[in-house]
>>> print(open('input_5.cif').read())   # mmCIF, C-alpha atoms
data_my_file
loop_
_atom_site.label_atom_id
_atom_site.label_comp_id
_atom_site.auth_asym_id
_atom_site.auth_seq_id
_atom_site.Cartn_x
_atom_site.Cartn_y
_atom_site.Cartn_z
CA MET A 1 107.82 61.18 87.07
CA ILE A 2 109.70 61.35 83.76
CA LEU A 3 110.23 64.81 82.32
CA LEU A 4 110.29 64.96 78.55
CA ILE A 5 112.07 67.96 77.03
CA ARG A 6 110.75 69.12 73.69
CA ASP A 7 113.10 68.68 70.73
CA SER A 8 112.67 72.34 69.77
CA PRO A 9 112.83 74.52 72.88
CA ARG A 10 111.86 78.16 72.81
CA LEU A 11 114.77 79.82 71.04
CA ALA A 12 114.66 83.12 72.89
CA ALA A 13 113.21 84.85 75.89
CA PRO A 14 109.56 85.79 75.35
CA THR A 15 109.12 89.12 73.62
CA ARG A 16 106.49 89.95 76.24
CA THR A 17 106.96 88.64 79.75
CA ILE A 18 104.81 88.48 82.85
CA VAL A 19 106.37 91.75 84.02
CA ASP A 20 105.33 93.45 80.78
CA LEU A 21 101.87 91.99 81.15
CA VAL A 22 101.49 93.32 84.68
CA VAL A 23 102.53 96.80 83.61
CA ASP A 24 99.81 96.74 80.95
CA VAL A 25 97.02 95.09 82.92
CA VAL A 26 97.65 95.41 86.65
CA ALA A 27 99.83 98.46 87.17
CA VAL A 28 97.44 100.76 85.32
CA SER A 29 95.53 101.06 88.60
CA PRO A 30 96.82 100.60 92.16
CA PRO A 31 96.19 97.11 93.59
CA THR A 32 93.95 98.63 96.27
CA GLU A 33 91.40 99.65 93.63
CA PRO A 34 88.99 97.23 91.92
CA TYR A 35 89.53 96.61 88.24
CA ASN A 36 87.95 94.65 85.43
CA MET A 37 89.95 92.04 83.56
CA ASN A 38 88.75 89.31 81.25
CA SER A 39 92.12 87.87 80.27
CA ALA A 40 95.36 89.04 78.71
CA VAL A 41 97.74 87.06 76.58
CA ALA A 42 101.52 87.38 76.20
CA ASP A 43 103.35 84.75 74.16
CA GLY A 44 101.35 81.76 75.32
CA VAL A 45 100.60 82.83 78.89
CA VAL A 46 97.00 83.56 79.80
CA MET A 47 96.60 85.84 82.80
CA LYS A 48 93.20 85.50 84.43
CA ASP A 49 91.29 85.32 87.65
CA PRO A 50 90.80 81.56 88.16
CA LEU A 51 87.43 82.26 89.80
CA THR A 52 86.07 84.52 87.05
CA VAL A 53 82.75 83.26 85.71
CA SER A 54 81.31 86.37 84.08
CA LYS A 55 82.75 88.55 81.36
CA ASN A 56 82.97 91.75 83.41
CA LYS A 57 83.62 90.37 86.88
CA THR A 58 85.19 92.89 89.26
CA ILE A 59 88.43 91.64 90.84
CA ASN A 60 89.68 93.11 94.10
CA ASP A 61 93.13 93.35 95.66
CA THR A 62 92.92 89.90 97.30
CA THR A 63 92.59 88.09 93.98
CA ARG A 64 95.08 85.37 93.19
CA LEU A 65 95.97 85.52 89.53
CA CYS A 66 96.52 82.44 87.41
CA LEU A 67 99.27 82.67 84.79
CA SER A 68 98.47 79.65 82.67
CA TYR A 69 100.88 77.92 80.28
CA PRO A 70 100.42 74.60 78.43
CA ASP A 71 102.88 72.91 80.82
CA MET A 72 102.25 74.71 84.12
CA SER A 73 100.25 77.38 85.90
CA ILE A 74 101.70 80.07 88.15
CA TYR A 75 99.45 81.33 90.94
CA ILE A 76 100.34 84.62 92.61
CA SER A 77 98.42 87.43 94.26
CA ARG A 78 97.81 90.60 92.31
CA GLN A 79 99.48 92.64 95.07
CA SER A 80 102.62 90.46 95.04
CA LEU A 81 102.95 90.72 91.29
CA PHE A 82 102.46 94.48 91.42
CA ASP A 83 105.11 94.75 94.16
CA LEU A 84 107.53 92.61 92.14
CA VAL A 85 107.18 94.87 89.11
CA THR A 86 107.59 98.13 91.02
CA THR A 87 110.52 96.82 93.08
CA LEU A 88 112.39 95.56 90.03
CA ARG A 89 111.78 98.68 87.98
CA GLN A 90 111.55 101.53 90.46
CA ARG A 91 113.13 100.54 93.80
CA PRO A 92 116.69 99.32 93.11
CA ASN A 93 117.74 99.49 96.78
CA ASP A 94 114.75 97.65 98.28
CA SER A 95 114.35 94.01 99.18
CA LEU A 96 111.11 92.10 98.62
CA ILE A 97 109.63 88.75 99.64
CA VAL A 98 107.30 87.18 97.06
CA VAL A 99 105.40 83.88 97.29
CA ALA A 100 104.00 81.99 94.30
CA ASN A 101 102.58 78.54 93.65
CA ILE A 102 103.63 76.50 90.60
CA ASP A 103 101.24 73.79 89.43
CA PHE A 104 103.12 71.47 87.05
CA TYR A 105 101.07 69.13 84.90
CA GLY A 106 101.66 66.84 81.95
CA ASN A 107 104.88 64.96 81.24
CA TYR A 108 107.09 67.67 79.80
CA ILE A 109 108.43 71.13 80.53
CA ASP A 110 108.78 73.46 77.57
CA PHE A 111 112.31 74.50 78.54
CA GLY A 112 113.68 77.63 76.91
CA LEU A 113 117.32 78.22 76.02
CA PRO A 114 118.38 79.54 79.47
CA SER A 115 117.14 76.47 81.34
CA GLN A 116 118.39 74.16 78.58
CA ARG A 117 121.81 75.69 79.07
CA VAL A 118 121.69 75.01 82.81
CA LEU A 119 120.77 71.38 82.11
CA SER A 120 123.54 70.86 79.56
CA THR A 121 126.42 72.73 81.24
CA PRO A 122 128.53 71.21 84.05
CA ASN A 123 127.87 72.74 87.46
CA ALA A 124 129.89 72.92 90.66
CA GLY A 125 128.42 69.68 91.94
CA GLY A 126 125.56 68.83 94.27
CA PRO A 127 122.07 67.40 93.77
CA SER A 128 120.41 70.61 92.58
CA LEU A 129 120.50 70.52 88.77
CA MET A 130 116.74 70.33 88.22
CA SER A 131 116.01 72.97 90.86
CA GLU A 132 118.41 75.35 89.10
CA ALA A 133 117.01 74.56 85.65
CA MET A 134 113.43 75.12 86.82
CA SER A 135 114.53 78.34 88.50
CA ALA A 136 116.00 79.61 85.23
CA GLU A 137 112.80 78.61 83.45
CA LEU A 138 110.59 80.51 85.90
CA ILE A 139 112.81 83.62 85.95
CA ASP A 140 112.82 83.55 82.14
CA ARG A 141 109.04 83.50 82.04
CA LEU A 142 108.78 86.23 84.67
CA VAL A 143 111.26 88.79 83.33
CA GLY A 144 112.79 87.30 80.17
CA ILE A 145 116.51 86.52 80.39
CA ARG A 146 119.49 86.58 78.03
CA LYS A 147 123.23 85.95 78.33
CA LEU A 148 122.95 83.33 81.05
CA LEU A 149 126.21 82.32 82.72
CA THR A 150 126.21 79.13 84.78
CA GLU A 151 127.92 78.87 88.16
CA MET A 152 131.10 77.48 86.58
CA GLU A 153 131.30 80.46 84.21
CA VAL A 154 130.87 83.20 86.81
CA GLN A 155 134.29 84.18 88.16
CA TYR A 156 135.28 85.71 91.50
CA THR A 157 138.31 87.49 92.91
CA THR A 158 138.48 85.24 95.98
CA LYS A 159 137.20 81.85 97.08
CA GLY A 160 133.89 81.93 98.88
CA PRO A 161 130.14 81.78 98.23
CA ILE A 162 129.12 81.58 94.58
CA THR A 163 125.93 82.40 92.70
CA ASP A 164 124.13 79.62 90.82
CA TYR A 165 123.72 81.59 87.61
CA ALA A 166 123.90 85.12 86.24
CA CYS A 167 121.64 86.59 83.58
CA TYR A 168 120.40 89.79 82.00
CA SER A 169 116.72 90.66 82.43
CA VAL A 170 115.12 91.82 79.20
CA SER A 171 112.06 93.35 80.89
CA THR A 172 113.89 95.30 83.58
CA SER A 173 117.25 95.91 81.82
CA GLN A 174 119.15 94.60 84.84
CA ALA A 175 122.09 92.27 85.37
CA LEU A 176 120.90 89.68 87.88
CA GLY A 177 122.49 87.00 89.98
CA VAL A 178 120.28 84.10 91.06
CA SER A 179 120.95 81.79 93.99
CA VAL A 180 118.72 78.73 94.29
CA THR A 181 117.97 76.75 97.42
CA ARG A 182 115.37 74.32 98.75
CA ALA A 183 113.43 74.60 102.00
CA MET A 184 113.67 71.03 103.18
CA ALA A 185 115.00 68.81 105.94
CA TYR A 186 115.92 65.16 105.58
CA ALA A 187 113.77 62.57 107.38
CA ARG A 188 112.05 65.19 109.56
CA ARG A 189 109.91 68.30 109.43
CA PHE A 190 111.36 71.58 108.20
CA THR A 191 111.45 74.06 111.11
CA SER A 192 111.82 77.79 111.66
CA GLN A 193 115.33 77.12 113.00
CA ASP A 194 116.20 75.38 109.72
CA ALA A 195 114.80 78.32 107.80
CA MET A 196 116.76 80.91 109.78
CA ARG A 197 120.06 79.06 109.31
CA LEU A 198 119.40 78.56 105.60
CA MET A 199 118.23 82.09 104.83
CA LYS A 200 121.01 83.82 106.76
CA LYS A 201 123.63 81.63 105.12
CA LYS A 202 122.25 82.25 101.64
CA LEU A 203 121.70 85.99 102.07
CA CYS A 204 125.15 86.55 103.56
CA GLY A 205 126.60 84.50 100.71
CA ILE A 206 124.74 86.66 98.19
CA ASN A 207 126.18 89.83 99.73
CA LYS A 208 129.70 88.38 99.52
CA SER A 209 129.39 87.08 95.96
CA THR A 210 128.06 90.46 94.81
CA LYS A 211 131.26 92.06 96.09
CA THR A 212 133.70 89.45 94.78
CA VAL A 213 132.30 88.66 91.31
CA SER A 214 134.84 89.70 88.67
CA ASN A 215 133.39 89.02 85.21
CA TYR A 216 129.87 90.26 85.88
CA LYS A 217 128.23 93.06 87.84
CA PHE A 218 125.12 92.09 89.75
CA GLU A 219 122.76 95.05 89.99
CA ARG A 220 120.73 92.91 92.35
CA GLN A 221 120.30 89.24 93.18
CA ILE A 222 117.32 86.93 93.48
CA LEU A 223 117.26 84.27 96.18
CA HIS A 224 114.96 81.61 94.76
CA VAL A 225 113.61 79.26 97.44
CA TRP A 226 111.72 76.12 96.42
CA ALA A 227 109.21 74.73 98.94
CA GLU A 228 107.30 71.44 98.82
CA ASN A 229 104.18 72.78 100.50
CA GLY A 230 102.50 75.88 101.85
CA THR A 231 103.53 75.16 105.45
CA ASP A 232 107.23 75.23 104.59
CA ALA A 233 106.75 78.30 102.40
CA ASN A 234 105.06 80.15 105.27
CA ILE A 235 107.92 79.24 107.60
CA VAL A 236 110.42 80.69 105.12
CA TYR A 237 108.30 83.82 104.60
CA ARG A 238 107.97 84.54 108.32
CA THR A 239 111.66 83.87 108.85
CA CYS A 240 112.77 86.20 106.06
CA ALA A 241 110.60 88.99 107.46
CA LYS A 242 112.61 88.79 110.71
CA ILE A 243 116.02 89.06 109.05
CA PRO A 244 117.51 92.59 109.29
CA LYS A 245 117.32 94.76 106.19
CA HIS A 246 121.09 95.19 106.00
CA ILE A 247 121.39 91.42 105.47
CA ARG A 248 118.55 91.22 102.95
CA ASN A 249 120.04 94.27 101.21
CA ASN A 250 118.26 94.65 97.84
CA THR A 251 117.74 90.92 97.29
CA ILE A 252 114.43 89.72 95.86
CA ILE A 253 113.41 86.62 97.85
CA LEU A 254 111.20 84.49 95.62
CA ILE A 255 109.52 81.61 97.47
CA THR A 256 107.80 79.14 95.17
CA ILE A 257 105.79 76.04 96.03
CA ILE A 258 105.93 73.38 93.33
CA ASN A 259 104.49 69.89 92.90
CA MET A 260 107.57 68.41 91.20
CA ASP A 261 109.53 65.76 93.12
CA SER A 262 112.62 66.08 90.93
CA VAL A 263 113.20 69.64 92.16
CA PHE A 264 113.77 68.24 95.66
CA GLY A 265 115.45 64.95 94.79
CA SER A 266 119.02 64.11 93.79
CA ASN A 267 119.49 64.78 90.10
#
>>> encode(input="input_5.cif", output="structure tokens")
Amino acid sequence: MILLIRDSPRLAAPTRTIVDLVVDVVAVSPPTEPYNMNSAVADGVVMKDPLTVSKNKTINDTTRLCLSYPDMSIYISRQSLFDLVTTLRQRPNDSLIVVANIDFYGNYIDFGLPSQRVLSTPNAGGPSLMSEAMSAELIDRLVGIRKLLTEMEVQYTTKGPITDYACYSVSTSQALGVSVTRAMAYARRFTSQDAMRLMKKKLCGINKSTKTVSNYKFERQILHVWAENGTDANIVYRTCAKIPKHIRNNTIILITIINMDSVFGSN
């Protein structure tokens, strides 16, 4: 699949992000209570129940919300989105595991400036450029980001694990570090043993990079895990739930399933 980047990318983070939208529409009532929602719009994203057929349909806590853009749709449960908002804004010391599904369609991604910067700036090597660019794009749409530093621009006091990019969240007023990885195994099935090795390595690396970063101060980090299918995502989710809290620290673990081969290929 060929990805076409628009000549005029979005010039700034959205003025209203998914987090802002959730505060307005979802967080007004606890996720355990039914609520009525037709749709809500924030800078091109339509938030709706994909199964809604009537104007005043009641949606319960098990509803999966569809955040629809012209180039992709993001599917996530109402509870997960509510937990993401409250953890980012109100629980700075807590970790969280969130799962979402990204449905990419068409032949272009409307990359904003943060992801464009990832694509155009040299990285530390490795076949993960598109996975990092798509991560920056998703994080931008979720919380709005500014002042992105790529992995070659983030400096550390000692050699060791590094973070893929650093950014400032507009919606939550936080300095974030983001580490990106892919739940995959070559020429065989991805297993729970693979997941445990990968997650422990990444989470321990995040804890170390938070301590050794010198030109930034991570208030918290996001471990963004791409998965090719729901089976692999479930393996990662169950594995992360078993990892001790002192290793997860206050890291947000974002597991996203996406139907884009280039995220998992060499690029």
>>> atom_distance(input="input_5.cif", atom1="CA of Met184 in chain A", atom2="CA of Arg248 in chain A")
20.8 Å
>>> resolve_selection(input="input_5.cif", expression="the PyMOL selection byres ((chain A and resi 212) around 12)", output="PDB file with C-alpha atoms, keeping the file's coordinate frame")
ATOM      1  CA  VAL A 154     130.870  83.200  86.810  1.00  0.00           C
ATOM      2  CA  GLN A 155     134.290  84.180  88.160  1.00  0.00           C
ATOM      3  CA  TYR A 156     135.280  85.710  91.500  1.00  0.00           C
ATOM      4  CA  THR A 157     138.310  87.490  92.910  1.00  0.00           C
ATOM      5  CA  THR A 158     138.480  85.240  95.980  1.00  0.00           C
ATOM      6  CA  LYS A 159     137.200  81.850  97.080  1.00  0.00           C
ATOM      7  CA  GLY A 160     133.890  81.930  98.880  1.00  0.00           C
ATOM      8  CA  PRO A 161     130.140  81.780  98.230  1.00  0.00           C
ATOM      9  CA  ILE A 162     129.120  81.580  94.580  1.00  0.00           C
ATOM     10  CA  THR A 163     125.930  82.400  92.700  1.00  0.00           C
ATOM     11  CA  GLY A 205     126.600  84.500 100.710  1.00  0.00           C
ATOM     12  CA  ILE A 206     124.740  86.660  98.190  1.00  0.00           C
ATOM     13  CA  ASN A 207     126.180  89.830  99.730  1.00  0.00           C
ATOM     14  CA  LYS A 208     129.700  88.380  99.520  1.00  0.00           C
ATOM     15  CA  SER A 209     129.390  87.080  95.960  1.00  0.00           C
ATOM     16  CA  THR A 210     128.060  90.460  94.810  1.00  0.00           C
ATOM     17  CA  LYS A 211     131.260  92.060  96.090  1.00  0.00           C
ATOM     18  CA  VAL A 213     132.300  88.660  91.310  1.00  0.00           C
ATOM     19  CA  SER A 214     134.840  89.700  88.670  1.00  0.00           C
ATOM     20  CA  ASN A 215     133.390  89.020  85.210  1.00  0.00           C
ATOM     21  CA  TYR A 216     129.870  90.260  85.880  1.00  0.00           C
ATOM     22  CA  LYS A 217     128.230  93.060  87.840  1.00  0.00           C
ATOM     23  CA  PHE A 218     125.120  92.090  89.750  1.00  0.00           C
TER      24      PHE A 218
END
>>> atom_distance(input="input_5.cif", atom1="CA of Leu88 in chain A", atom2="CA of Ile257 in chain A")
21.5 Å
>>> residues_near_point(input="input_5.cif", point="(119.8, 75.7, 108.5)", cutoff="12 Å", atoms="only C-alpha atoms", output="short mmCIF file (atom, residue, chain, number, x, y, z; two decimals) with C-alpha atoms, in the coordinates of the input")
data_model
loop_
_atom_site.label_atom_id
_atom_site.label_comp_id
_atom_site.auth_asym_id
_atom_site.auth_seq_id
_atom_site.Cartn_x
_atom_site.Cartn_y
_atom_site.Cartn_z
CA THR A 181 117.97 76.75 97.42
CA ARG A 182 115.37 74.32 98.75
CA ALA A 183 113.43 74.60 102.00
CA MET A 184 113.67 71.03 103.18
CA ALA A 185 115.00 68.81 105.94
CA TYR A 186 115.92 65.16 105.58
CA PHE A 190 111.36 71.58 108.20
CA THR A 191 111.45 74.06 111.11
CA SER A 192 111.82 77.79 111.66
CA GLN A 193 115.33 77.12 113.00
CA ASP A 194 116.20 75.38 109.72
CA ALA A 195 114.80 78.32 107.80
CA MET A 196 116.76 80.91 109.78
CA ARG A 197 120.06 79.06 109.31
CA LEU A 198 119.40 78.56 105.60
CA MET A 199 118.23 82.09 104.83
CA LYS A 200 121.01 83.82 106.76
CA LYS A 201 123.63 81.63 105.12
CA LYS A 202 122.25 82.25 101.64
CA VAL A 236 110.42 80.69 105.12
CA THR A 239 111.66 83.87 108.85
#
>>> closest_atom_pairs(input="input_5.cif", of="range 125-148 of chain A", to="range 65-74 of chain A", cutoff="12 Å", atoms="only C-alpha atoms", output="JSON lines")
{"residue": "A:Met134", "atom": "CA", "partner": "A:Met72", "partner_atom": "CA", "distance": 11.5}
{"residue": "A:Glu137", "atom": "CA", "partner": "A:Met72", "partner_atom": "CA", "distance": 11.3}
{"residue": "A:Leu138", "atom": "CA", "partner": "A:Ile74", "partner_atom": "CA", "distance": 9.2}
{"residue": "A:Ile139", "atom": "CA", "partner": "A:Ile74", "partner_atom": "CA", "distance": 11.9}
{"residue": "A:Arg141", "atom": "CA", "partner": "A:Tyr69", "partner_atom": "CA", "distance": 10.0}
{"residue": "A:Leu142", "atom": "CA", "partner": "A:Ile74", "partner_atom": "CA", "distance": 10.0}
>>> closest_residue(input="input_5.cif", among="A:Met152, A:Ile109, A:Leu203, A:Ile235", to="Arg220 in chain A", atoms="all atoms listed in the file")
A:Leu203
>>> atom_distance(input="input_5.cif", atom1="CA of His246 in chain A", atom2="CA of Glu219 in chain A")
16.1 Å
>>> resolve_selection(input="input_5.cif", expression="the PyMOL selection byres ((chain A and resi 223) around 7)", output="list of chain:residue names")
A:Val178, A:Ser179, A:Val180, A:Gln221, A:Ile222, A:His224, A:Val225, A:Thr251, A:Ile252, A:Ile253, A:Leu254
>>> write_last_selection(input="input_5.cif", atoms="C-alpha atoms", output="mmCIF file, keeping the file's coordinate frame")
data_model
loop_
_atom_site.group_PDB
_atom_site.id
_atom_site.type_symbol
_atom_site.label_atom_id
_atom_site.label_comp_id
_atom_site.auth_asym_id
_atom_site.auth_seq_id
_atom_site.Cartn_x
_atom_site.Cartn_y
_atom_site.Cartn_z
ATOM 1 C CA VAL A 178 120.280 84.100 91.060
ATOM 2 C CA SER A 179 120.950 81.790 93.990
ATOM 3 C CA VAL A 180 118.720 78.730 94.290
ATOM 4 C CA GLN A 221 120.300 89.240 93.180
ATOM 5 C CA ILE A 222 117.320 86.930 93.480
ATOM 6 C CA HIS A 224 114.960 81.610 94.760
ATOM 7 C CA VAL A 225 113.610 79.260 97.440
ATOM 8 C CA THR A 251 117.740 90.920 97.290
ATOM 9 C CA ILE A 252 114.430 89.720 95.860
ATOM 10 C CA ILE A 253 113.410 86.620 97.850
ATOM 11 C CA LEU A 254 111.200 84.490 95.620
#
>>> residues_around(input="input_5.cif", residues="Ser120 in chain A", least_positions_apart="3", cutoff="10 Å", atoms="all atoms listed in the file", output="list in words")
Ser115, Gln116, Arg117, Asn123, Leu129 and Ala133 of chain A
>>> resolve_selection(input="input_5.cif", expression="the PyMOL selection byres ((chain A and resi 263) around 10)", output="list in words")
Pro127, Ser128, Leu129, Met130, Ser131, Glu132, Ala133, Met134, Ser135, Arg182, Trp226, Ala227, Glu228, Ile258, Asn259, Met260, Asp261, Ser262, Phe264, Gly265, Ser266 and Asn267 of chain A
>>> closest_residue(input="input_5.cif", among="A:Arg91, A:Thr121, A:Cys204, A:Thr63", to="Pro244 in chain A", atoms="all atoms listed in the file")
A:Cys204
>>> closest_residue(input="input_5.cif", among="A:Tyr75, A:Arg188, A:Pro122, A:Pro114", to="Ala166 in chain A", atoms="all atoms listed in the file")
A:Pro114
>>> closest_residue(input="input_5.cif", among="A:Asp94, A:Leu81, A:Asn101, A:Asn249", to="Val143 in chain A", atoms="only C-alpha atoms")
A:Leu81
>>> axis_aligned_box(input="input_5.cif", around="range 85-95 of chain A", padding_each_side="3 Å", output="JSON")
{"center_x": 112.5, "center_y": 97.8, "center_z": 93.6, "size_x": 16.6, "size_y": 13.5, "size_z": 17.2}
